[in-house]
$ cat my_file32.cif   # mmCIF, C-alpha atoms
data_model
loop_
_atom_site.label_atom_id
_atom_site.label_comp_id
_atom_site.auth_asym_id
_atom_site.auth_seq_id
_atom_site.Cartn_x
_atom_site.Cartn_y
_atom_site.Cartn_z
CA MET A 895 -196.24 -74.21 -5.96
CA VAL A 896 -195.42 -77.82 -5.15
CA LYS A 897 -193.92 -78.44 -1.73
CA ASP A 898 -192.76 -82.02 -2.30
CA LYS A 899 -189.32 -82.89 -3.56
CA ILE A 900 -189.15 -82.98 -7.36
CA VAL A 901 -187.14 -85.62 -9.18
CA VAL A 902 -185.41 -84.32 -12.30
CA LEU A 903 -184.32 -87.01 -14.74
CA GLY A 904 -181.64 -85.77 -17.12
CA ALA A 905 -180.61 -83.07 -14.66
CA SER A 906 -177.03 -82.81 -15.96
CA GLY A 907 -178.10 -81.90 -19.50
CA PHE A 908 -178.40 -78.43 -21.03
CA ILE A 909 -182.04 -77.94 -20.01
CA GLY A 910 -181.62 -79.83 -16.74
CA MET A 911 -178.84 -77.62 -15.40
CA HIS A 912 -180.80 -74.44 -16.14
CA LEU A 913 -183.93 -75.93 -14.57
CA CYS A 914 -182.22 -77.12 -11.39
CA LYS A 915 -180.64 -73.70 -10.86
CA LYS A 916 -184.05 -72.04 -11.14
CA LEU A 917 -185.76 -74.56 -8.86
CA VAL A 918 -183.09 -73.96 -6.22
CA GLU A 919 -183.75 -70.21 -6.49
CA GLU A 920 -187.44 -71.00 -5.90
CA ASN A 921 -186.51 -73.01 -2.77
CA ILE A 922 -187.81 -76.24 -4.28
CA LYS A 923 -186.11 -79.44 -3.13
CA ILE A 924 -184.65 -81.55 -5.93
CA LEU A 925 -183.38 -85.06 -6.42
CA ALA A 926 -181.25 -84.91 -9.57
CA LEU A 927 -180.88 -88.16 -11.49
CA ILE A 928 -177.69 -88.06 -13.54
CA ARG A 929 -175.63 -90.56 -15.50
CA ASN A 930 -172.26 -89.92 -13.84
CA LYS A 931 -171.80 -88.55 -10.30
CA ASN A 932 -168.18 -87.62 -11.09
CA SER A 933 -169.08 -85.33 -13.98
CA ILE A 934 -168.52 -81.57 -13.98
CA GLU A 935 -172.29 -81.08 -14.00
CA ALA A 936 -172.71 -83.30 -10.94
CA LYS A 937 -170.18 -81.21 -9.03
CA GLU A 938 -172.05 -78.04 -10.02
CA LEU A 939 -175.33 -79.54 -8.79
CA LEU A 940 -173.75 -80.50 -5.48
CA LYS A 941 -172.52 -76.91 -5.07
CA MET A 942 -176.17 -75.85 -5.40
CA ASN A 943 -176.99 -78.25 -2.52
CA VAL A 944 -178.94 -80.47 -4.89
CA GLN A 945 -179.23 -84.12 -3.93
CA VAL A 946 -177.70 -86.29 -6.66
CA LEU A 947 -178.37 -89.91 -7.60
CA GLU A 948 -176.20 -91.67 -10.17
CA THR A 949 -178.22 -93.74 -12.65
CA GLY A 950 -175.65 -94.87 -15.19
CA ASP A 951 -176.89 -95.33 -18.74
CA LEU A 952 -180.70 -95.28 -18.66
CA PHE A 953 -180.78 -96.42 -22.27
CA GLU A 954 -180.14 -99.83 -20.69
CA LYS A 955 -182.73 -101.60 -18.53
CA LYS A 956 -182.09 -101.19 -14.83
CA ILE A 957 -183.47 -100.81 -11.34
CA LEU A 958 -182.09 -97.76 -9.53
CA SER A 959 -180.44 -98.01 -6.12
CA LYS A 960 -182.94 -95.69 -4.42
CA ASP A 961 -186.60 -96.50 -3.78
CA LEU A 962 -188.57 -94.03 -5.91
CA THR A 963 -191.99 -95.63 -5.62
CA LYS A 964 -193.37 -92.82 -3.43
CA VAL A 965 -192.13 -89.91 -5.53
CA LYS A 966 -194.98 -87.52 -6.36
CA TYR A 967 -193.37 -85.31 -9.04
CA LEU A 968 -191.03 -86.19 -11.90
CA ILE A 969 -189.67 -83.98 -14.68
CA ASN A 970 -188.24 -86.10 -17.48
CA LEU A 971 -185.63 -84.29 -19.56
CA ALA A 972 -183.59 -87.36 -20.49
CA ALA A 973 -183.01 -87.74 -24.20
CA LEU A 974 -180.44 -88.84 -26.70
CA ALA A 975 -179.23 -86.08 -28.98
CA HIS A 976 -176.42 -85.13 -31.33
CA LEU A 977 -176.11 -88.55 -33.01
CA SER A 978 -176.02 -89.00 -36.76
CA SER A 979 -178.86 -91.00 -38.36
CA LYS A 980 -176.49 -93.93 -38.88
CA SER A 981 -175.32 -93.93 -35.26
CA PHE A 982 -178.89 -93.54 -34.05
CA LYS A 983 -180.06 -96.57 -36.00
CA LYS A 984 -177.15 -98.61 -34.70
CA LYS A 985 -177.79 -97.71 -31.06
CA PHE A 986 -181.57 -98.10 -31.09
CA PHE A 987 -183.34 -99.58 -34.06
CA TYR A 988 -180.77 -102.34 -34.53
CA SER A 989 -180.77 -103.15 -30.81
CA ASN A 990 -183.14 -103.67 -27.89
CA ASN A 991 -182.75 -100.13 -26.53
CA ILE A 992 -185.95 -98.63 -27.94
CA ASN A 993 -187.60 -96.34 -25.35
CA ASN A 994 -185.72 -97.78 -22.40
CA ILE A 995 -185.77 -94.35 -20.72
CA GLU A 996 -189.55 -94.45 -20.46
CA ASN A 997 -189.56 -98.16 -19.61
CA ASN A 998 -187.08 -97.48 -16.80
CA ILE A 999 -189.36 -94.72 -15.51
CA ILE A 1000 -192.23 -97.22 -15.30
CA LYS A 1001 -190.06 -99.74 -13.45
CA ASN A 1002 -188.70 -97.27 -10.92
CA PHE A 1003 -191.63 -94.87 -10.50
CA SER A 1004 -194.52 -97.24 -9.88
CA ASN A 1005 -196.75 -94.66 -8.18
CA LYS A 1006 -199.76 -94.49 -10.52
CA ASN A 1007 -200.58 -91.04 -9.13
CA LEU A 1008 -197.16 -89.73 -10.14
CA LYS A 1009 -197.35 -86.28 -11.70
CA ILE A 1010 -194.93 -86.23 -14.61
CA LEU A 1011 -193.81 -83.44 -16.88
CA HIS A 1012 -192.34 -85.06 -19.97
CA ILE A 1013 -190.24 -82.99 -22.38
CA SER A 1014 -190.63 -84.35 -25.89
CA SER A 1015 -189.87 -82.67 -29.23
CA ALA A 1016 -191.76 -80.60 -31.78
CA LYS A 1017 -190.30 -82.98 -34.37
CA VAL A 1018 -192.98 -85.48 -33.31
CA SER A 1019 -195.55 -83.38 -35.15
CA GLY A 1020 -194.01 -84.39 -38.49
CA LYS A 1021 -194.16 -80.86 -39.89
CA ILE A 1022 -190.99 -81.22 -41.92
CA GLU A 1023 -191.48 -84.65 -43.46
CA ASN A 1024 -194.43 -86.95 -44.03
CA ASN A 1025 -192.37 -89.74 -42.53
CA LEU A 1026 -190.98 -89.06 -39.06
CA THR A 1027 -187.25 -89.36 -38.47
CA ASP A 1028 -186.01 -92.22 -36.29
CA TYR A 1029 -185.44 -89.73 -33.46
CA ALA A 1030 -188.99 -88.39 -33.78
CA LYS A 1031 -190.40 -91.94 -33.83
CA LEU A 1032 -188.54 -92.68 -30.60
CA LYS A 1033 -189.91 -89.51 -28.98
CA LYS A 1034 -193.43 -90.29 -30.19
CA ASN A 1035 -193.26 -93.80 -28.75
CA GLY A 1036 -192.01 -92.30 -25.48
CA GLU A 1037 -195.02 -89.99 -25.33
CA SER A 1038 -197.37 -92.94 -25.83
CA ILE A 1039 -195.76 -94.86 -22.98
CA ILE A 1040 -196.10 -91.89 -20.61
CA ARG A 1041 -199.75 -91.35 -21.55
CA LYS A 1042 -200.58 -95.01 -21.08
CA HIS A 1043 -199.06 -95.38 -17.61
CA TYR A 1044 -199.55 -91.96 -16.00
CA LYS A 1045 -202.86 -90.12 -16.17
CA LYS A 1046 -201.46 -87.06 -14.38
CA HIS A 1047 -199.03 -85.91 -17.04
CA ILE A 1048 -198.13 -82.93 -19.19
CA ILE A 1049 -196.09 -83.35 -22.35
CA LEU A 1050 -194.31 -80.36 -23.88
CA ARG A 1051 -192.99 -80.34 -27.45
CA PRO A 1052 -190.42 -77.53 -27.89
CA PRO A 1053 -188.37 -76.94 -31.05
CA LEU A 1054 -184.60 -76.35 -30.80
CA VAL A 1055 -183.88 -74.87 -27.35
CA TYR A 1056 -181.02 -72.36 -27.14
CA GLY A 1057 -179.31 -70.25 -24.50
CA PRO A 1058 -176.06 -70.13 -22.50
CA ASN A 1059 -174.23 -73.50 -22.62
CA VAL A 1060 -176.10 -74.53 -25.77
CA LYS A 1061 -174.52 -77.29 -27.83
CA ALA A 1062 -174.82 -78.87 -31.27
CA ASN A 1063 -176.04 -76.88 -34.31
CA PHE A 1064 -176.69 -73.57 -32.54
CA LEU A 1065 -173.18 -73.55 -31.09
CA ILE A 1066 -171.69 -74.54 -34.44
CA LEU A 1067 -173.52 -71.64 -36.07
CA MET A 1068 -172.14 -69.16 -33.53
CA LYS A 1069 -168.62 -70.47 -34.12
CA ALA A 1070 -169.03 -70.13 -37.88
CA ILE A 1071 -170.23 -66.54 -37.57
CA TYR A 1072 -167.44 -65.57 -35.21
CA ASN A 1073 -164.83 -67.12 -37.50
CA ASN A 1074 -166.18 -65.22 -40.51
CA ILE A 1075 -167.26 -68.33 -42.40
CA PRO A 1076 -169.63 -67.40 -45.27
CA LEU A 1077 -173.12 -68.88 -44.85
CA PRO A 1078 -175.67 -69.76 -47.59
CA PHE A 1079 -178.68 -68.09 -45.99
CA LYS A 1080 -179.10 -64.98 -48.11
CA LYS A 1081 -182.60 -64.35 -49.52
CA LEU A 1082 -184.06 -67.55 -48.05
CA SER A 1083 -187.64 -66.94 -46.90
CA GLU A 1084 -188.26 -70.12 -44.87
CA LYS A 1085 -188.98 -69.36 -41.23
CA ARG A 1086 -188.25 -71.47 -38.19
CA SER A 1087 -189.31 -71.52 -34.53
CA TYR A 1088 -186.91 -71.74 -31.60
CA MET A 1089 -187.21 -71.58 -27.82
CA TYR A 1090 -185.03 -69.62 -25.45
CA ILE A 1091 -184.12 -71.72 -22.41
CA GLU A 1092 -185.48 -69.15 -19.92
CA ASN A 1093 -188.85 -69.23 -21.68
CA LEU A 1094 -189.02 -73.01 -21.39
CA ILE A 1095 -188.05 -72.88 -17.71
CA ASP A 1096 -190.71 -70.24 -17.11
CA ALA A 1097 -193.36 -72.48 -18.70
CA ILE A 1098 -192.24 -75.42 -16.57
CA LEU A 1099 -192.49 -73.30 -13.42
CA LEU A 1100 -196.01 -72.25 -14.38
CA ILE A 1101 -197.04 -75.90 -14.66
CA LEU A 1102 -195.55 -76.63 -11.23
CA LYS A 1103 -197.14 -73.58 -9.62
CA LYS A 1104 -200.58 -74.35 -11.02
CA ASP A 1105 -200.17 -78.09 -10.42
CA TYR A 1106 -201.19 -78.39 -14.04
CA PHE A 1107 -200.88 -82.13 -14.77
CA ILE A 1108 -204.08 -82.69 -16.70
CA GLY A 1109 -203.04 -85.25 -19.29
CA LYS A 1110 -202.47 -82.94 -22.25
CA THR A 1111 -199.76 -82.48 -24.89
CA TYR A 1112 -198.67 -79.03 -26.02
CA GLU A 1113 -196.37 -77.60 -28.64
CA ILE A 1114 -194.45 -74.69 -27.19
CA SER A 1115 -191.94 -72.14 -28.47
CA ASP A 1116 -190.83 -68.50 -28.26
CA ASN A 1117 -193.95 -67.78 -30.32
CA CYS A 1118 -191.75 -66.09 -32.94
CA MET A 1119 -190.83 -67.10 -36.47
CA ILE A 1120 -187.47 -66.07 -37.89
CA THR A 1121 -185.57 -66.71 -41.11
CA ASN A 1122 -182.03 -68.07 -40.98
CA GLU A 1123 -180.79 -64.82 -42.51
CA LYS A 1124 -182.37 -62.75 -39.74
CA LEU A 1125 -181.19 -65.20 -37.08
CA VAL A 1126 -177.54 -65.07 -38.09
CA ARG A 1127 -177.66 -61.28 -38.43
CA PHE A 1128 -178.91 -61.02 -34.83
CA MET A 1129 -176.22 -63.47 -33.74
CA ALA A 1130 -173.51 -61.58 -35.59
CA ASP A 1131 -174.61 -58.35 -33.92
CA GLY A 1132 -174.45 -60.05 -30.52
CA LEU A 1133 -170.98 -61.39 -31.27
CA GLY A 1134 -169.73 -58.06 -32.60
CA LYS A 1135 -169.14 -59.47 -36.07
CA LYS A 1136 -170.27 -58.79 -39.63
CA VAL A 1137 -171.86 -61.91 -41.05
CA LYS A 1138 -170.93 -62.98 -44.58
CA LEU A 1139 -173.95 -64.29 -46.47
CA PHE A 1140 -174.41 -65.59 -49.98
CA TYR A 1141 -177.24 -67.23 -51.90
CA LEU A 1142 -177.14 -70.88 -52.87
CA ASN A 1143 -180.12 -72.81 -54.20
CA PRO A 1144 -181.51 -74.97 -51.35
CA LYS A 1145 -181.62 -77.96 -53.71
CA ILE A 1146 -177.87 -77.67 -54.19
CA ILE A 1147 -177.34 -77.37 -50.43
CA ASN A 1148 -179.44 -80.51 -49.88
CA PHE A 1149 -177.49 -82.39 -52.58
CA ILE A 1150 -174.15 -81.44 -50.98
CA LEU A 1151 -175.35 -82.55 -47.55
CA ILE A 1152 -176.52 -85.89 -48.97
CA ILE A 1153 -173.11 -86.41 -50.61
CA ILE A 1154 -171.26 -85.82 -47.33
CA GLY A 1155 -173.67 -87.98 -45.34
CA LYS A 1156 -175.38 -85.11 -43.49
CA ARG A 1157 -178.83 -85.24 -45.04
CA GLU A 1158 -180.60 -84.73 -41.72
CA VAL A 1159 -178.86 -81.35 -41.28
CA PHE A 1160 -180.94 -79.86 -44.11
CA ASN A 1161 -184.18 -80.55 -42.26
CA LYS A 1162 -182.72 -79.29 -38.99
CA ILE A 1163 -181.53 -75.98 -40.41
CA MET A 1164 -182.97 -75.14 -43.82
CA LYS A 1165 -186.61 -76.23 -44.01
CA GLU A 1166 -189.48 -74.19 -42.63
CA PHE A 1167 -190.49 -75.34 -39.15
CA ILE A 1168 -193.12 -73.33 -37.28
CA VAL A 1169 -194.26 -74.18 -33.74
CA THR A 1170 -197.02 -72.11 -32.14
CA ASN A 1171 -198.14 -71.71 -28.54
CA LYS A 1172 -201.80 -71.17 -29.35
CA GLU A 1173 -203.30 -74.03 -27.31
CA PHE A 1174 -200.86 -73.76 -24.38
CA ILE A 1175 -201.44 -70.00 -24.10
CA SER A 1176 -205.21 -70.47 -24.37
CA ASP A 1177 -205.31 -73.11 -21.63
CA THR A 1178 -202.79 -71.59 -19.18
CA GLY A 1179 -202.57 -67.88 -19.95
CA TRP A 1180 -198.79 -68.25 -20.27
CA LYS A 1181 -196.77 -66.03 -22.57
CA PRO A 1182 -193.01 -66.24 -23.18
CA PRO A 1183 -191.44 -63.52 -21.01
CA HIS A 1184 -188.35 -63.11 -23.21
CA HIS A 1185 -188.19 -62.06 -26.87
CA TYR A 1186 -185.83 -64.05 -29.08
CA ASN A 1187 -183.70 -60.93 -29.59
CA GLU A 1188 -182.98 -60.86 -25.85
CA GLY A 1189 -182.33 -64.60 -25.80
CA ILE A 1190 -179.88 -64.43 -28.69
CA LYS A 1191 -178.01 -61.51 -27.08
CA LYS A 1192 -177.61 -63.39 -23.80
CA THR A 1193 -176.49 -66.53 -25.61
CA CYS A 1194 -173.89 -64.58 -27.58
CA LEU A 1195 -172.68 -62.88 -24.39
CA TRP A 1196 -172.18 -66.32 -22.83
CA TYR A 1197 -170.27 -67.44 -25.92
CA LYS A 1198 -167.88 -64.50 -25.74
CA ARG A 1199 -167.26 -65.03 -22.02
CA LYS A 1200 -166.94 -68.81 -22.41
CA PHE A 1201 -164.30 -68.54 -25.08
CA ARG A 1202 -162.72 -65.37 -23.61
CA ILE A 1203 -163.46 -63.25 -26.66
#
$ encode --input "my_file32.cif" --output "structure tokens"
Amino acid sequence: MVKDKIVVLGASGFIGMHLCKKLVEENIKILALIRNKNSIEAKELLKMNVQVLETGDLFEKKILSKDLTKVKYLINLAALAHLSSKSFKKKFFYSNNINNIENNIIKNFSNKNLKILHISSAKVSGKIENNLTDYAKLKKNGESIIRKHYKKHIILRPPLVYGPNVKANFLILMKAIYNNIPLPFKKLSEKRSYMYIENLIDAILLILKKDYFIGKTYEISDNCMITNEKLVRFMADGLGKKVKLFYLNPKIINFILIIIGKREVFNKIMKEFIVTNKEFISDTGWKPPHHYNEGIKKTCLWYKRKFRI
């Protein structure tokens, strides 16, 4: 296990908060880089006795107030999520903000021997579409920058990560199930991969313990494939609800989403998307310690407590 302080970029995000909590439990010193030191997440980190450094918006070019040139370990979780395709294009591809997170890392972490764990996305693989989405292009460019400047790196490509405090589509799906909204997932055979947050954290800890920064890129997931129908049935069971399902031709669903300007949602939810751990398991011996059934149950339990159900 590493003994030096670890810098966590994007520490106030969904993955970052879970990771920092676990690192504290492992008695690992952390410097958490967060956008806003007055945020709820920042206060939670301070309660954990985590050192916090405010960065502001790292999607803009900047030099940070603290000298980070001698840092030995960096975990980069910073990412932009939950924007529509139109908003994403406006913020990045019609501006000068492309890959400023990675460019800011290079400016502020000039130690060429830096060991960096970079969390990317399974979307980079282009398994859903021949042409990568704008978000996937951004993540792919970010990977290239990390590889070019830091030899001692590991890049992980997880699919959608879920667990307590999850946001976006997974949370929306739980709300829909709890509110008895009928869902068009009946008799759909397409399977998708997900990753429970505790499995991802476990994999990150393994990399830190083995000092495994050997310049490789891995896809990683729960190593399970599940249909949307099975997923929502598990979620409904965890929420104490009976899910209402009906069949609707996927082509019709796609057409409706295009009409309402949500075309990207079809790829995120409906199309088959399988991510395996074959190479990562072969190289490290790691296996996900939690089955997706356990992960879904814990996520649903959090949801019921969060919303006092």
$ closest_residue --input "my_file32.cif" --among "A:Met942, A:Met1129, A:Ile957, A:Leu1077" --to "Phe1064 in chain A" --atoms "only C-alpha atoms"
A:Met1129
$ closest_residue --input "my_file32.cif" --among "A:Asn1035, A:Lys1138, A:Pro1078, A:Glu1092" --to "Phe1160 in chain A" --atoms "only C-alpha atoms"
A:Pro1078
$ axis_aligned_box --input "my_file32.cif" --around "range 1180-1196 of chain A" --padding-each-side "8 Å" --output "lines of an AutoDock Vina configuration file"
center_x = -185.5
center_y = -64.6
center_z = -24.9
size_x = 42.6
size_y = 23.4
size_z = 25.3
$ atom_distance --input "my_file32.cif" --atom1 "CA of Asn1063 in chain A" --atom2 "CA of Cys1194 in chain A"
14.2 Å
$ closest_residue --input "my_file32.cif" --among "A:Leu1032, A:Ser1087, A:Lys1046, A:Leu1102" --to "Glu920 in chain A" --atoms "all atoms listed in the file"
A:Leu1102
$ resolve_selection --input "my_file32.cif" --expression "the PyMOL selection byres ((chain A and resi 1080) around 10)" --output "list in words"
Leu1077, Pro1078, Phe1079, Lys1081, Leu1082, Ser1083, Thr1121, Asn1122, Glu1123, Lys1124, Lys1138, Leu1139, Phe1140, Tyr1141, Leu1142 and Asn1143 of chain A
$ closest_residue --input "my_file32.cif" --among "A:Asn970, A:Leu917, A:Leu903, A:Ile1049" --to "Val946 in chain A" --atoms "all atoms listed in the file"
A:Leu903
$ residues_around --input "my_file32.cif" --residues "Met1068 in chain A" --least-positions-apart "2" --cutoff "12 Å" --atoms "all atoms listed in the file" --output "NGL selection string"
:A and (1056-1066 or 1070-1075 or 1077 or 1125-1135 or 1137 or 1190-1191 or 1193-1198 or 1201)
$ decode --input "my_file32.cif" --residues "range 1126-1161 of chain A" --atoms "N, CA and C atoms" --output "PDB file, in the first residue's frame"
ATOM      1  N   VAL A1126     -34.813  -3.652 -13.692  1.00  0.00           N
ATOM      2  CA  VAL A1126     -35.894  -2.928 -13.019  1.00  0.00           C
ATOM      3  C   VAL A1126     -36.685  -3.842 -12.086  1.00  0.00           C
ATOM      4  N   ARG A1127     -36.730  -5.141 -12.391  1.00  0.00           N
ATOM      5  CA  ARG A1127     -37.405  -6.061 -11.469  1.00  0.00           C
ATOM      6  C   ARG A1127     -36.623  -6.186 -10.164  1.00  0.00           C
ATOM      7  N   PHE A1128     -35.292  -6.236 -10.249  1.00  0.00           N
ATOM      8  CA  PHE A1128     -34.455  -6.251  -9.049  1.00  0.00           C
ATOM      9  C   PHE A1128     -34.634  -4.949  -8.266  1.00  0.00           C
ATOM     10  N   MET A1129     -34.669  -3.840  -8.988  1.00  0.00           N
ATOM     11  CA  MET A1129     -34.820  -2.538  -8.337  1.00  0.00           C
ATOM     12  C   MET A1129     -36.186  -2.428  -7.663  1.00  0.00           C
ATOM     13  N   ALA A1130     -37.209  -2.887  -8.335  1.00  0.00           N
ATOM     14  CA  ALA A1130     -38.553  -2.842  -7.765  1.00  0.00           C
ATOM     15  C   ALA A1130     -38.628  -3.675  -6.489  1.00  0.00           C
ATOM     16  N   ASP A1131     -37.991  -4.831  -6.508  1.00  0.00           N
ATOM     17  CA  ASP A1131     -37.962  -5.692  -5.324  1.00  0.00           C
ATOM     18  C   ASP A1131     -37.262  -4.982  -4.166  1.00  0.00           C
ATOM     19  N   GLY A1132     -36.151  -4.295  -4.488  1.00  0.00           N
ATOM     20  CA  GLY A1132     -35.419  -3.568  -3.456  1.00  0.00           C
ATOM     21  C   GLY A1132     -36.189  -2.379  -2.909  1.00  0.00           C
ATOM     22  N   LEU A1133     -37.049  -1.819  -3.728  1.00  0.00           N
ATOM     23  CA  LEU A1133     -37.843  -0.654  -3.322  1.00  0.00           C
ATOM     24  C   LEU A1133     -39.193  -1.055  -2.722  1.00  0.00           C
ATOM     25  N   GLY A1134     -39.483  -2.364  -2.752  1.00  0.00           N
ATOM     26  CA  GLY A1134     -40.757  -2.826  -2.222  1.00  0.00           C
ATOM     27  C   GLY A1134     -41.923  -2.462  -3.116  1.00  0.00           C
ATOM     28  N   LYS A1135     -41.693  -2.459  -4.414  1.00  0.00           N
ATOM     29  CA  LYS A1135     -42.728  -2.078  -5.373  1.00  0.00           C
ATOM     30  C   LYS A1135     -42.942  -3.190  -6.397  1.00  0.00           C
ATOM     31  N   LYS A1136     -44.052  -3.105  -7.118  1.00  0.00           N
ATOM     32  CA  LYS A1136     -44.298  -3.989  -8.247  1.00  0.00           C
ATOM     33  C   LYS A1136     -44.151  -3.173  -9.523  1.00  0.00           C
ATOM     34  N   VAL A1137     -43.159  -3.530 -10.316  1.00  0.00           N
ATOM     35  CA  VAL A1137     -42.872  -2.739 -11.510  1.00  0.00           C
ATOM     36  C   VAL A1137     -43.912  -3.015 -12.590  1.00  0.00           C
ATOM     37  N   LYS A1138     -44.286  -1.956 -13.308  1.00  0.00           N
ATOM     38  CA  LYS A1138     -45.240  -2.064 -14.402  1.00  0.00           C
ATOM     39  C   LYS A1138     -44.480  -1.984 -15.722  1.00  0.00           C
ATOM     40  N   LEU A1139     -44.483  -3.097 -16.458  1.00  0.00           N
ATOM     41  CA  LEU A1139     -43.734  -3.162 -17.710  1.00  0.00           C
ATOM     42  C   LEU A1139     -44.671  -3.391 -18.891  1.00  0.00           C
ATOM     43  N   PHE A1140     -44.298  -2.848 -20.031  1.00  0.00           N
ATOM     44  CA  PHE A1140     -45.027  -3.120 -21.260  1.00  0.00           C
ATOM     45  C   PHE A1140     -44.026  -3.168 -22.408  1.00  0.00           C
ATOM     46  N   TYR A1141     -44.440  -3.750 -23.510  1.00  0.00           N
ATOM     47  CA  TYR A1141     -43.557  -3.857 -24.675  1.00  0.00           C
ATOM     48  C   TYR A1141     -43.835  -2.717 -25.643  1.00  0.00           C
ATOM     49  N   LEU A1142     -42.774  -2.118 -26.126  1.00  0.00           N
ATOM     50  CA  LEU A1142     -42.857  -1.110 -27.174  1.00  0.00           C
ATOM     51  C   LEU A1142     -41.656  -1.299 -28.084  1.00  0.00           C
ATOM     52  N   ASN A1143     -41.902  -1.372 -29.369  1.00  0.00           N
ATOM     53  CA  ASN A1143     -40.824  -1.582 -30.334  1.00  0.00           C
ATOM     54  C   ASN A1143     -39.712  -0.556 -30.120  1.00  0.00           C
ATOM     55  N   PRO A1144     -38.452  -1.021 -29.964  1.00  0.00           N
ATOM     56  CA  PRO A1144     -37.336  -0.097 -29.730  1.00  0.00           C
ATOM     57  C   PRO A1144     -37.222   1.000 -30.794  1.00  0.00           C
ATOM     58  N   LYS A1145     -37.605   0.706 -32.015  1.00  0.00           N
ATOM     59  CA  LYS A1145     -37.564   1.716 -33.076  1.00  0.00           C
ATOM     60  C   LYS A1145     -38.510   2.868 -32.772  1.00  0.00           C
ATOM     61  N   ILE A1146     -39.660   2.534 -32.198  1.00  0.00           N
ATOM     62  CA  ILE A1146     -40.629   3.567 -31.820  1.00  0.00           C
ATOM     63  C   ILE A1146     -40.091   4.386 -30.654  1.00  0.00           C
ATOM     64  N   ILE A1147     -39.469   3.699 -29.692  1.00  0.00           N
ATOM     65  CA  ILE A1147     -38.872   4.400 -28.546  1.00  0.00           C
ATOM     66  C   ILE A1147     -37.811   5.392 -29.036  1.00  0.00           C
ATOM     67  N   ASN A1148     -36.956   4.918 -29.941  1.00  0.00           N
ATOM     68  CA  ASN A1148     -35.896   5.773 -30.493  1.00  0.00           C
ATOM     69  C   ASN A1148     -36.489   6.972 -31.211  1.00  0.00           C
ATOM     70  N   PHE A1149     -37.545   6.756 -31.988  1.00  0.00           N
ATOM     71  CA  PHE A1149     -38.199   7.841 -32.729  1.00  0.00           C
ATOM     72  C   PHE A1149     -38.765   8.891 -31.771  1.00  0.00           C
ATOM     73  N   ILE A1150     -39.409   8.418 -30.687  1.00  0.00           N
ATOM     74  CA  ILE A1150     -39.975   9.345 -29.704  1.00  0.00           C
ATOM     75  C   ILE A1150     -38.880  10.173 -29.046  1.00  0.00           C
ATOM     76  N   LEU A1151     -37.770   9.525 -28.705  1.00  0.00           N
ATOM     77  CA  LEU A1151     -36.662  10.231 -28.059  1.00  0.00           C
ATOM     78  C   LEU A1151     -36.039  11.264 -28.996  1.00  0.00           C
ATOM     79  N   ILE A1152     -35.964  10.939 -30.275  1.00  0.00           N
ATOM     80  CA  ILE A1152     -35.448  11.901 -31.259  1.00  0.00           C
ATOM     81  C   ILE A1152     -36.367  13.110 -31.336  1.00  0.00           C
ATOM     82  N   ILE A1153     -37.671  12.867 -31.349  1.00  0.00           N
ATOM     83  CA  ILE A1153     -38.662  13.947 -31.438  1.00  0.00           C
ATOM     84  C   ILE A1153     -38.545  14.913 -30.263  1.00  0.00           C
ATOM     85  N   ILE A1154     -38.310  14.358 -29.064  1.00  0.00           N
ATOM     86  CA  ILE A1154     -38.244  15.224 -27.870  1.00  0.00           C
ATOM     87  C   ILE A1154     -36.818  15.701 -27.575  1.00  0.00           C
ATOM     88  N   GLY A1155     -35.904  15.445 -28.502  1.00  0.00           N
ATOM     89  CA  GLY A1155     -34.534  15.938 -28.343  1.00  0.00           C
ATOM     90  C   GLY A1155     -33.686  15.166 -27.359  1.00  0.00           C
ATOM     91  N   LYS A1156     -34.010  13.880 -27.133  1.00  0.00           N
ATOM     92  CA  LYS A1156     -33.271  13.056 -26.180  1.00  0.00           C
ATOM     93  C   LYS A1156     -32.688  11.820 -26.858  1.00  0.00           C
ATOM     94  N   ARG A1157     -32.180  11.988 -28.049  1.00  0.00           N
ATOM     95  CA  ARG A1157     -31.697  10.851 -28.815  1.00  0.00           C
ATOM     96  C   ARG A1157     -30.612  10.061 -28.078  1.00  0.00           C
ATOM     97  N   GLU A1158     -29.750  10.767 -27.358  1.00  0.00           N
ATOM     98  CA  GLU A1158     -28.636  10.090 -26.689  1.00  0.00           C
ATOM     99  C   GLU A1158     -29.109   9.148 -25.584  1.00  0.00           C
ATOM    100  N   VAL A1159     -30.337   9.368 -25.065  1.00  0.00           N
ATOM    101  CA  VAL A1159     -30.862   8.525 -24.001  1.00  0.00           C
ATOM    102  C   VAL A1159     -31.054   7.091 -24.484  1.00  0.00           C
ATOM    103  N   PHE A1160     -31.395   6.921 -25.751  1.00  0.00           N
ATOM    104  CA  PHE A1160     -31.615   5.571 -26.293  1.00  0.00           C
ATOM    105  C   PHE A1160     -30.342   4.740 -26.183  1.00  0.00           C
ATOM    106  N   ASN A1161     -29.221   5.328 -26.577  1.00  0.00           N
ATOM    107  CA  ASN A1161     -27.947   4.609 -26.481  1.00  0.00           C
ATOM    108  C   ASN A1161     -27.560   4.333 -25.033  1.00  0.00           C
TER     109      ASN A1161
END
